[in-house]
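Trainee: Take this structure, written in structure tokens, and hold onto it; I'll ask about it next.
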2 protein chains.
Amino acid sequence: MAKLITPRSEDYSRWYTDVVTQARMADYSPVKGCMVIRPHGYALWENMQRVLDRMFKETGHENAYFPLFIPKSFLAREAAHVEGFAKECAIVTHSRLETKVIDGKPVLVPAPDSALEEELIIRPTSETIIYFMFAKWVQSYRDLPLLINQWANVVRWEMRTRLFLRTTEFLWQEGHTAHATYDEAEIEARKMLDVYATFAEEYMAVPVVRGIKTEKEKFAGALRTYSIEALMQDNRALQAGTSHNLGQNFARAFDLKYQTESGDWQHAWNTSWGVSTRLVGAIVMAHGDDNGLVLPPRLAPIQVVVVPIWKGTDPVDRILAAAREVRDRLRQAGFAVRLDDRDNLSPGFKFNEWEMLGVPLRIELGPKDLEKGSVVCVKRPNRVKAIVPMSELERVGGLLEEIQKGMLEAARARRDAATCPVDSYEEFRRKIEDPGGFLLAHWCGATACEIAIQDDTKATVRCLAFGQPEEKGSCVRCGNPSTKRVHFAKAY
Amino acid sequence: MAKLITPRSEDYSRWYTDVVTQARMADYSPVKGCMVIRPHGYALWENMQRVLDRMFKETGHENAYFPLFIPKSFLAREAAHVEGFAKECAIVTHSRLETKVIDGKPVLVPAPDSALEEELIIRPTSETIIYFMFAKWVQSYRDLPLLINQWANVVRWEMRTRLFLRTTEFLWQEGHTAHATYDEAEIEARKMLDVYATFAEEYMAVPVVRGIKTEKEKFAGALRTYSIEALMQDNRALQAGTSHNLGQNFARAFDLKYQTESGDWQHAWNTSWGVSTRLVGAIVMAHGDDNGLVLPPRLAPIQVVVVPIWKGTDPVDRILAAAREVRDRLRQAGFAVRLDDRDNLSPGFKFNEWEMLGVPLRIELGPKDLEKGSVVCVKRPNRVKAIVPMSELERVGGLLEEIQKGMLEAARARRDAATCPVDSYEEFRRKIEDPGGFLLAHWCGATACEIAIQDDTKATVRCLAFGQPEEKGSCVRCGNPSTKRVHFAKAY
């Protein structure tokens, strides 16, 4: 608890790890690349799930659950898909351990006679098995659209991992839909991108750029991929969600066909879309400060903490009674409130701890406040205080909304300040190093230039943003003509 | 949709599969032993999760998430545990697929150079990795009790599987706690068994026997196991939930120690407890009939379906408007309502379909009802009708409660009728075949007798029920003295 958090200015990466571990959001596990999500991190994820799940259901989707295992041969059916996922996957080959004596010692080994006929892959994503099932369920145009979502764990064998942002196993949701026409699938893919953008901005208080991925960066097996891209405080971008128009690629691979109204058979059109526990990391990186976490009120597991203050001869009982009343009234009004009535810790210690845990609003209640019949409310992001009469506690709702709004505005201001047009490669190379951020540059559209820029600078095209104005220009790298600027950045 | 459901009397097992698949609760997957949970089944599981999650939180537990993978060496640390799980587990041995040319054809194979240093086991249960983490987090008595729950998928390599009841992968929750004393752990294990029993009876409408498992049947690694046991309509028992007092077995294996108030170090005391998607199967088997599913109102994803009835010259618009009003008013009152306004299907077809899907209450609304200003409510379990004036729609809440209560009472009556004392082995062997059910018989307590009875009759001791009266008797098998009857049954 008394450990220090490395300041962001000193080492942003260590700051991030310090915050995540000291706020007890997550911990390293004994399994390489896998993390443990601790209650304070998991409660945030649960709140995110609750909001997203409601948004999915409001847009007509139903939840289902598909197997963890993908038969090896399924991956191989879509050429680009297997190319994208075969190189980093967990492969199950046996179904029994047996004891073997090696050098005189008993050792547990996979029993040779339990070798599987066909190896199973732990799902890195579930397109293949889900569209196989869709093909069983869909016969007629009347069965479409089929709008399914799954909350699940997935595994991608990552070499370099980082708590929440990139782990071998992670939690996510994956939406999978089937439609009768290309247009319907395209509308769906865009609609779900909008759902993600709304969630990021209105709940996470993280502004995002919506756009389309380049051919090189699109999902393995997709016709095209849309994404939302956020900027972290160290001016590196983070892909916060993707939505894919899969065309008929998987429908062809899994023979997902339907009979049209006029009686002929056609392949269906698919979309898939997902966000993951990576978004927990995005919240930490977008809002945290040198005192720890800063959580947006609409997602915070604890929105308000009440800290009673007393000293030796103070009227402890009366203060505790008043603090309990504050807690109970706020709880009745629907807020997530915690009363910190621990008697072995000082108020200052408690302030620091709850700041570190990111609770948006602190309510202090001491003898003088009791006399005046008011409480002191302190906003976590900027420590601005407000005196609220006990008779007007409902104002807490307004304060929380101010905090939510302020966090989005601050993040947007940081993002906008770190977004700048760049017109020469020399400037590009300089600015991508310092200050970083989104560089708006012309690009010819050729993958060769995209790769060359990435090799030179580690920057990638984050997306071709929607609504980017038409503008004649020339590729920052090769000079060929371009009609729009695209968003470059170094990314997580 | 027009497929027939096999009657229970003809083939109970086929009846079960027919109901589960035709009500679109689940489907077989291309992965051996793994199922797909379809939306109508998953929505029921979500409702079960919501209630259980609230009950866990109300008893002080927090959710967290631990890795899917268990290092092989972890399993081996607790001797009884590895003995129980090593024989049926999914083993990950490689992390990359590569293409190899075999007989002139490219084939995907696990890349030999991606073999893992130590194999990973897909968690069959998470005691080992969770108590390893607990050991990192717990230092002092002040860190106890530690009360954690996890919602997760687990894998046990089952040879004979059955939708929901026994599948290779299944969804569950596993609670894991650490305490300072034996007594606290024992109280926790019993408390969570009571939570499960309350859930089974008050929500699932399934009466259960609470008790302790025999040494032979206890969890691999536990000091003792408690369970709740239900009886299905074919008079076979189903273990519906277990709660384990783990003693210090895992604390010793993973060095989970805490410093007491007086400064010395002690091993903590653990409990674990779980229920799974098997409970979905229990609901089907406990309440379903030859027309399909019957869902308890407190868990049903759709509690009320409104079916408007019209013919050629009937006032379609007015009936539809009234049906929508019924739906909206019931929705406003908090019920989960569906209006079936499909115009290409007859009312009779719809009645059958919603009965098959188990919706507890059907509301019919035709021209005559409209004239009278009332609706006809039909209870799913017994088709009893009630006429409810439109002005008193709130009575629907009462009808649903009657259905809930009636289902529990009917299930209890069936269970009690199928529970009988048995005093000779000859009678035991006869009755276990017909009619089956719970046989209350004296047993000496010796594992040898338990095994002999199982070998002879396939019946097992389900549990030593709490509150079973003391009674002098002699073991139904060997004649040795016994002080209490125990519950025998054939089980799923």
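Chain lettering (A, B, ...) mirrors the order of the structure tokens, residue numbering begins at 1 for each chain separately, and ligand numbering begins at 1 in order of display.
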Using only C-alpha atoms, tabulate the residues of chain B lying at most 9 Å from any atom of chain A, each with its closest atom pair and that distance in Å to one decimal, by chain and increasing residue number, as JSON lines.

Mentor:
```
{"residue": "B:Asp27", "atom": "CA", "partner": "A:Met133", "partner_atom": "CA", "distance": 8.8}
{"residue": "B:Ser29", "atom": "CA", "partner": "A:Met133", "partner_atom": "CA", "distance": 7.4}
{"residue": "B:Pro30", "atom": "CA", "partner": "A:Pro71", "partner_atom": "CA", "distance": 8.0}
{"residue": "B:Val31", "atom": "CA", "partner": "A:Pro71", "partner_atom": "CA", "distance": 6.8}
{"residue": "B:Cys34", "atom": "CA", "partner": "A:Pro67", "partner_atom": "CA", "distance": 6.1}
{"residue": "B:Met35", "atom": "CA", "partner": "A:Pro67", "partner_atom": "CA", "distance": 6.6}
{"residue": "B:Val36", "atom": "CA", "partner": "A:Phe66", "partner_atom": "CA", "distance": 4.8}
{"residue": "B:Ile37", "atom": "CA", "partner": "A:Tyr65", "partner_atom": "CA", "distance": 4.9}
{"residue": "B:Arg38", "atom": "CA", "partner": "A:Ala64", "partner_atom": "CA", "distance": 5.0}
{"residue": "B:Pro39", "atom": "CA", "partner": "A:Ala64", "partner_atom": "CA", "distance": 4.9}
{"residue": "B:His40", "atom": "CA", "partner": "A:Ala64", "partner_atom": "CA", "distance": 8.3}
{"residue": "B:Gly41", "atom": "CA", "partner": "A:Ala64", "partner_atom": "CA", "distance": 8.0}
{"residue": "B:Tyr42", "atom": "CA", "partner": "A:Ala64", "partner_atom": "CA", "distance": 5.5}
{"residue": "B:Ala43", "atom": "CA", "partner": "A:Asn63", "partner_atom": "CA", "distance": 7.1}
{"residue": "B:Glu46", "atom": "CA", "partner": "A:Asn63", "partner_atom": "CA", "distance": 9.0}
{"residue": "B:Glu62", "atom": "CA", "partner": "A:Pro39", "partner_atom": "CA", "distance": 5.9}
{"residue": "B:Asn63", "atom": "CA", "partner": "A:Pro39", "partner_atom": "CA", "distance": 5.6}
{"residue": "B:Ala64", "atom": "CA", "partner": "A:Pro39", "partner_atom": "CA", "distance": 4.9}
{"residue": "B:Tyr65", "atom": "CA", "partner": "A:Ile37", "partner_atom": "CA", "distance": 4.9}
{"residue": "B:Phe66", "atom": "CA", "partner": "A:Val36", "partner_atom": "CA", "distance": 4.8}
{"residue": "B:Pro67", "atom": "CA", "partner": "A:Cys34", "partner_atom": "CA", "distance": 6.1}
{"residue": "B:Leu68", "atom": "CA", "partner": "A:Glu169", "partner_atom": "CA", "distance": 7.5}
{"residue": "B:Phe69", "atom": "CA", "partner": "A:Val31", "partner_atom": "CA", "distance": 7.0}
{"residue": "B:Ile70", "atom": "CA", "partner": "A:Val31", "partner_atom": "CA", "distance": 7.3}
{"residue": "B:Pro71", "atom": "CA", "partner": "A:Val31", "partner_atom": "CA", "distance": 6.9}
{"residue": "B:Lys72", "atom": "CA", "partner": "A:Leu108", "partner_atom": "CA", "distance": 7.7}
{"residue": "B:Ser73", "atom": "CA", "partner": "A:Leu108", "partner_atom": "CA", "distance": 8.1}
{"residue": "B:Ala76", "atom": "CA", "partner": "A:Leu108", "partner_atom": "CA", "distance": 7.9}
{"residue": "B:Phe85", "atom": "CA", "partner": "A:Leu97", "partner_atom": "CA", "distance": 8.9}
{"residue": "B:Ala86", "atom": "CA", "partner": "A:Leu97", "partner_atom": "CA", "distance": 5.1}
{"residue": "B:Lys87", "atom": "CA", "partner": "A:Arg96", "partner_atom": "CA", "distance": 4.8}
{"residue": "B:Glu88", "atom": "CA", "partner": "A:Arg96", "partner_atom": "CA", "distance": 5.2}
{"residue": "B:Cys89", "atom": "CA", "partner": "A:Ser95", "partner_atom": "CA", "distance": 5.0}
{"residue": "B:Ala90", "atom": "CA", "partner": "A:Ser95", "partner_atom": "CA", "distance": 4.7}
{"residue": "B:Ile91", "atom": "CA", "partner": "A:His94", "partner_atom": "CA", "distance": 5.2}
{"residue": "B:Val92", "atom": "CA", "partner": "A:Val92", "partner_atom": "CA", "distance": 4.2}
{"residue": "B:Thr93", "atom": "CA", "partner": "A:Ile91", "partner_atom": "CA", "distance": 6.2}
{"residue": "B:His94", "atom": "CA", "partner": "A:Ile91", "partner_atom": "CA", "distance": 5.3}
{"residue": "B:Ser95", "atom": "CA", "partner": "A:Ala90", "partner_atom": "CA", "distance": 4.7}
{"residue": "B:Arg96", "atom": "CA", "partner": "A:Lys87", "partner_atom": "CA", "distance": 4.8}
{"residue": "B:Leu97", "atom": "CA", "partner": "A:Ala86", "partner_atom": "CA", "distance": 5.1}
{"residue": "B:Glu98", "atom": "CA", "partner": "A:Ala86", "partner_atom": "CA", "distance": 7.2}
{"residue": "B:Leu108", "atom": "CA", "partner": "A:Lys72", "partner_atom": "CA", "distance": 7.7}
{"residue": "B:Val109", "atom": "CA", "partner": "A:Glu119", "partner_atom": "CA", "distance": 8.5}
{"residue": "B:Pro110", "atom": "CA", "partner": "A:Ile91", "partner_atom": "CA", "distance": 7.2}
{"residue": "B:Glu119", "atom": "CA", "partner": "A:Pro110", "partner_atom": "CA", "distance": 8.4}
{"residue": "B:Leu120", "atom": "CA", "partner": "A:Val31", "partner_atom": "CA", "distance": 8.6}
{"residue": "B:Ile121", "atom": "CA", "partner": "A:Val92", "partner_atom": "CA", "distance": 9.0}
{"residue": "B:Ile122", "atom": "CA", "partner": "A:Val92", "partner_atom": "CA", "distance": 8.9}
{"residue": "B:Ile129", "atom": "CA", "partner": "A:Pro30", "partner_atom": "CA", "distance": 8.0}
{"residue": "B:Phe132", "atom": "CA", "partner": "A:Pro30", "partner_atom": "CA", "distance": 8.4}
{"residue": "B:Met133", "atom": "CA", "partner": "A:Ser29", "partner_atom": "CA", "distance": 7.4}
{"residue": "B:Ile148", "atom": "CA", "partner": "A:Pro39", "partner_atom": "CA", "distance": 8.1}
{"residue": "B:Ala152", "atom": "CA", "partner": "A:Asn153", "partner_atom": "CA", "distance": 8.5}
{"residue": "B:Asn153", "atom": "CA", "partner": "A:Leu68", "partner_atom": "CA", "distance": 8.3}
{"residue": "B:Arg156", "atom": "CA", "partner": "A:Ser95", "partner_atom": "CA", "distance": 9.0}
{"residue": "B:Trp157", "atom": "CA", "partner": "A:Ser95", "partner_atom": "CA", "distance": 6.5}
{"residue": "B:Glu169", "atom": "CA", "partner": "A:Pro67", "partner_atom": "CA", "distance": 7.2}
{"residue": "B:Phe170", "atom": "CA", "partner": "A:Pro67", "partner_atom": "CA", "distance": 8.9}
```

Trainee: DSSP on the backbone: what in range 238-447 of chain A comes out alpha helix (DSSP H), as an NGL selection string?

Mentor: :A and (249-253 or 278-287 or 316-332 or 347-356 or 367-372 or 395-417 or 425-433 or 447)

Trainee: If you run DSSP over the backbone, which residues in range 148-342 of chain A end up strand (DSSP E)? Put them as a PDB file with C-alpha atoms, in the first residue's frame.

Mentor:
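Result went into part07.pdb, see below:
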```pdb
ATOM      1  CA  ILE A 148     -25.464 -13.601 -32.104  1.00  0.00           C
ATOM      2  CA  ASN A 149     -22.995 -12.461 -29.460  1.00  0.00           C
ATOM      3  CA  GLN A 150     -20.695 -14.513 -27.266  1.00  0.00           C
ATOM      4  CA  TRP A 151     -18.851 -13.507 -24.068  1.00  0.00           C
ATOM      5  CA  ALA A 152     -15.807 -15.724 -23.870  1.00  0.00           C
ATOM      6  CA  ASN A 153     -12.112 -16.221 -23.235  1.00  0.00           C
ATOM      7  CA  VAL A 154      -9.748 -16.540 -26.192  1.00  0.00           C
ATOM      8  CA  VAL A 155      -6.062 -17.409 -26.525  1.00  0.00           C
ATOM      9  CA  GLU A 169      -5.523 -15.350 -22.747  1.00  0.00           C
ATOM     10  CA  PHE A 170      -8.009 -12.515 -22.640  1.00  0.00           C
ATOM     11  CA  LEU A 171     -11.714 -12.003 -22.102  1.00  0.00           C
ATOM     12  CA  TRP A 172     -13.859 -10.470 -24.786  1.00  0.00           C
ATOM     13  CA  GLN A 173     -17.127 -10.502 -26.596  1.00  0.00           C
ATOM     14  CA  GLU A 174     -17.407 -11.499 -30.221  1.00  0.00           C
ATOM     15  CA  GLY A 175     -20.507 -10.690 -32.229  1.00  0.00           C
ATOM     16  CA  HIS A 176     -21.267 -12.859 -35.263  1.00  0.00           C
ATOM     17  CA  THR A 177     -24.067 -12.192 -37.674  1.00  0.00           C
ATOM     18  CA  ALA A 178     -25.426 -13.559 -40.952  1.00  0.00           C
ATOM     19  CA  HIS A 179     -27.432 -11.524 -43.440  1.00  0.00           C
ATOM     20  CA  VAL A 209     -11.422   8.123 -34.274  1.00  0.00           C
ATOM     21  CA  ARG A 210     -13.661   5.868 -36.374  1.00  0.00           C
ATOM     22  CA  GLY A 211     -12.375   4.593 -39.646  1.00  0.00           C
ATOM     23  CA  ILE A 212     -11.428   1.763 -41.923  1.00  0.00           C
ATOM     24  CA  ARG A 224     -12.798  -5.025 -44.654  1.00  0.00           C
ATOM     25  CA  THR A 225     -12.235  -4.036 -41.048  1.00  0.00           C
ATOM     26  CA  TYR A 226     -13.455  -0.945 -39.246  1.00  0.00           C
ATOM     27  CA  SER A 227     -11.916   0.200 -35.991  1.00  0.00           C
ATOM     28  CA  ILE A 228     -12.075   2.822 -33.303  1.00  0.00           C
ATOM     29  CA  GLU A 229      -8.706   4.268 -32.362  1.00  0.00           C
ATOM     30  CA  ALA A 230      -7.943   6.067 -29.115  1.00  0.00           C
ATOM     31  CA  LEU A 231      -4.876   8.009 -28.008  1.00  0.00           C
ATOM     32  CA  ALA A 237      -2.595   4.972 -30.194  1.00  0.00           C
ATOM     33  CA  LEU A 238      -4.658   2.044 -28.985  1.00  0.00           C
ATOM     34  CA  GLN A 239      -7.087   0.103 -31.165  1.00  0.00           C
ATOM     35  CA  ALA A 240     -10.117  -0.069 -28.914  1.00  0.00           C
ATOM     36  CA  GLY A 241     -12.547  -2.144 -30.973  1.00  0.00           C
ATOM     37  CA  THR A 242     -12.982  -3.651 -34.422  1.00  0.00           C
ATOM     38  CA  SER A 243     -15.938  -4.535 -36.612  1.00  0.00           C
ATOM     39  CA  HIS A 244     -15.508  -6.646 -39.724  1.00  0.00           C
ATOM     40  CA  ASN A 245     -17.536  -7.008 -42.868  1.00  0.00           C
ATOM     41  CA  LEU A 246     -16.556 -10.594 -43.678  1.00  0.00           C
ATOM     42  CA  GLY A 247     -18.273 -10.644 -47.035  1.00  0.00           C
ATOM     43  CA  LYS A 257     -26.330 -20.863 -47.629  1.00  0.00           C
ATOM     44  CA  TYR A 258     -29.948 -19.804 -47.546  1.00  0.00           C
ATOM     45  CA  GLN A 259     -32.859 -20.173 -49.903  1.00  0.00           C
ATOM     46  CA  TRP A 265     -29.677 -20.734 -52.928  1.00  0.00           C
ATOM     47  CA  GLN A 266     -27.179 -18.033 -51.995  1.00  0.00           C
ATOM     48  CA  HIS A 267     -24.273 -17.716 -49.596  1.00  0.00           C
ATOM     49  CA  TRP A 269     -23.053 -12.377 -45.710  1.00  0.00           C
ATOM     50  CA  ASN A 270     -21.308 -12.225 -42.344  1.00  0.00           C
ATOM     51  CA  THR A 271     -20.000  -9.677 -39.889  1.00  0.00           C
ATOM     52  CA  SER A 272     -18.027 -10.075 -36.693  1.00  0.00           C
ATOM     53  CA  TRP A 273     -17.006  -7.506 -34.092  1.00  0.00           C
ATOM     54  CA  GLY A 274     -15.297  -7.506 -30.732  1.00  0.00           C
ATOM     55  CA  VAL A 275     -13.947  -5.621 -27.771  1.00  0.00           C
ATOM     56  CA  SER A 276     -11.906  -7.089 -24.941  1.00  0.00           C
ATOM     57  CA  VAL A 304     -18.454   7.644  -4.111  1.00  0.00           C
ATOM     58  CA  VAL A 305     -16.411   6.951  -1.000  1.00  0.00           C
ATOM     59  CA  VAL A 306     -17.436   8.520   2.305  1.00  0.00           C
ATOM     60  CA  VAL A 307     -14.521   9.192   4.661  1.00  0.00           C
ATOM     61  CA  PRO A 308     -15.525  10.289   8.158  1.00  0.00           C
ATOM     62  CA  VAL A 337     -21.096   4.037  -2.336  1.00  0.00           C
ATOM     63  CA  ARG A 338     -18.502   2.795   0.102  1.00  0.00           C
ATOM     64  CA  LEU A 339     -18.126   4.050   3.667  1.00  0.00           C
TER      65      LEU A 339
END
```

Trainee: What lies within 7 Å of Ala489 in chain B using only C-alpha atoms, ignoring chain neighbours under 4 positions off, as a list in words?

Mentor: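 The neighbour list is Arg236, Ala237, Gly437, Phe438, Leu439, Ala459, Thr460, Val461 and Arg462 of chain B.
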
Trainee: Residues of the last selection are to be written out with all heavy atoms, as an mmCIF file, in the first residue's frame.

Mentor:
```
data_model
loop_
_atom_site.group_PDB
_atom_site.id
_atom_site.type_symbol
_atom_site.label_atom_id
_atom_site.label_comp_id
_atom_site.auth_asym_id
_atom_site.auth_seq_id
_atom_site.Cartn_x
_atom_site.Cartn_y
_atom_site.Cartn_z
ATOM 1 N N ARG B 236 -34.200 -40.780 -11.349
ATOM 2 C CA ARG B 236 -32.746 -40.812 -11.133
ATOM 3 C C ARG B 236 -32.331 -39.518 -10.460
ATOM 4 O O ARG B 236 -32.909 -38.451 -10.704
ATOM 5 C CB ARG B 236 -32.008 -40.987 -12.461
ATOM 6 C CG ARG B 236 -32.195 -42.403 -13.014
ATOM 7 C CD ARG B 236 -31.537 -42.576 -14.344
ATOM 8 N NE ARG B 236 -30.069 -42.576 -14.232
ATOM 9 C CZ ARG B 236 -29.270 -42.853 -15.243
ATOM 10 N NH1 ARG B 236 -29.770 -43.144 -16.428
ATOM 11 N NH2 ARG B 236 -27.955 -42.827 -15.086
ATOM 12 N N ALA B 237 -31.314 -39.614 -9.619
ATOM 13 C CA ALA B 237 -30.846 -38.447 -8.871
ATOM 14 C C ALA B 237 -29.874 -37.631 -9.709
ATOM 15 O O ALA B 237 -29.244 -38.148 -10.645
ATOM 16 C CB ALA B 237 -30.156 -38.892 -7.581
ATOM 17 N N GLY B 437 -35.737 -43.996 -7.750
ATOM 18 C CA GLY B 437 -35.921 -42.938 -6.756
ATOM 19 C C GLY B 437 -34.886 -43.034 -5.651
ATOM 20 O O GLY B 437 -33.874 -43.728 -5.786
ATOM 21 N N PHE B 438 -35.157 -42.293 -4.561
ATOM 22 C CA PHE B 438 -34.256 -42.335 -3.410
ATOM 23 C C PHE B 438 -34.639 -43.512 -2.536
ATOM 24 O O PHE B 438 -35.766 -43.602 -2.054
ATOM 25 C CB PHE B 438 -34.389 -41.062 -2.570
ATOM 26 C CG PHE B 438 -33.685 -39.862 -3.148
ATOM 27 C CD1 PHE B 438 -34.358 -38.650 -3.273
ATOM 28 C CD2 PHE B 438 -32.343 -39.913 -3.522
ATOM 29 C CE1 PHE B 438 -33.709 -37.518 -3.783
ATOM 30 C CE2 PHE B 438 -31.689 -38.802 -4.023
ATOM 31 C CZ PHE B 438 -32.383 -37.599 -4.159
ATOM 32 N N LEU B 439 -33.721 -44.428 -2.330
ATOM 33 C CA LEU B 439 -33.940 -45.507 -1.382
ATOM 34 C C LEU B 439 -33.207 -45.156 -0.095
ATOM 35 O O LEU B 439 -31.996 -44.919 -0.106
ATOM 36 C CB LEU B 439 -33.410 -46.839 -1.939
ATOM 37 C CG LEU B 439 -34.010 -47.317 -3.265
ATOM 38 C CD1 LEU B 439 -33.600 -48.764 -3.544
ATOM 39 C CD2 LEU B 439 -35.527 -47.191 -3.260
ATOM 40 N N ALA B 459 -26.431 -48.243 -8.151
ATOM 41 C CA ALA B 459 -26.847 -47.186 -7.229
ATOM 42 C C ALA B 459 -25.651 -46.728 -6.403
ATOM 43 O O ALA B 459 -24.763 -47.516 -6.086
ATOM 44 C CB ALA B 459 -27.950 -47.681 -6.304
ATOM 45 N N THR B 460 -25.619 -45.436 -6.073
ATOM 46 C CA THR B 460 -24.553 -44.883 -5.230
ATOM 47 C C THR B 460 -25.177 -44.179 -4.041
ATOM 48 O O THR B 460 -26.351 -43.812 -4.066
ATOM 49 C CB THR B 460 -23.706 -43.865 -6.011
ATOM 50 O OG1 THR B 460 -24.583 -42.974 -6.707
ATOM 51 C CG2 THR B 460 -22.803 -44.551 -7.021
ATOM 52 N N VAL B 461 -24.363 -44.007 -2.993
ATOM 53 C CA VAL B 461 -24.824 -43.188 -1.871
ATOM 54 C C VAL B 461 -24.804 -41.738 -2.367
ATOM 55 O O VAL B 461 -23.735 -41.210 -2.654
ATOM 56 C CB VAL B 461 -23.898 -43.346 -0.644
ATOM 57 C CG1 VAL B 461 -24.384 -42.444 0.491
ATOM 58 C CG2 VAL B 461 -23.826 -44.798 -0.201
ATOM 59 N N ARG B 462 -25.957 -41.123 -2.479
ATOM 60 C CA ARG B 462 -25.982 -39.736 -2.954
ATOM 61 C C ARG B 462 -25.466 -38.801 -1.878
ATOM 62 O O ARG B 462 -24.679 -37.905 -2.148
ATOM 63 C CB ARG B 462 -27.392 -39.315 -3.392
ATOM 64 C CG ARG B 462 -27.983 -40.155 -4.523
ATOM 65 C CD ARG B 462 -26.978 -40.440 -5.638
ATOM 66 N NE ARG B 462 -26.409 -39.215 -6.166
ATOM 67 C CZ ARG B 462 -25.227 -39.119 -6.755
ATOM 68 N NH1 ARG B 462 -24.455 -40.182 -6.871
ATOM 69 N NH2 ARG B 462 -24.792 -37.975 -7.222
#
```

Trainee: Considering only C-alpha atoms, return as a list of chain:residue names whatever protein or nucleic-acid residues lie within 8 Å of Ala386 in chain B, sequence-local ones (same chain, fewer than 3 positions apart) excluded.

Mentor: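 My list of contacting residues is B:Val376, B:Cys377, B:Val378.
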
Trainee: Those residues with all heavy atoms, as a tab-separated table (two decimals), in the first residue's frame please?

Mentor:
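Dumped everything to result-v6.tsv:
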```
chain	number	residue	atom	x	y	z
B	376	VAL	N	-57.55	-14.09	-21.62
B	376	VAL	CA	-57.50	-15.44	-21.08
B	376	VAL	C	-56.04	-15.77	-20.77
B	376	VAL	O	-55.19	-15.68	-21.65
B	376	VAL	CB	-58.06	-16.47	-22.09
B	376	VAL	CG1	-57.97	-17.88	-21.52
B	376	VAL	CG2	-59.49	-16.11	-22.47
B	377	CYS	N	-55.78	-16.13	-19.53
B	377	CYS	CA	-54.41	-16.51	-19.14
B	377	CYS	C	-54.37	-18.03	-18.98
B	377	CYS	O	-55.22	-18.60	-18.30
B	377	CYS	CB	-54.03	-15.86	-17.82
B	377	CYS	SG	-53.95	-14.06	-17.92
B	378	VAL	N	-53.36	-18.65	-19.59
B	378	VAL	CA	-53.24	-20.10	-19.52
B	378	VAL	C	-51.90	-20.46	-18.90
B	378	VAL	O	-50.84	-20.07	-19.41
B	378	VAL	CB	-53.36	-20.74	-20.91
B	378	VAL	CG1	-53.35	-22.27	-20.80
B	378	VAL	CG2	-54.61	-20.25	-21.62
```
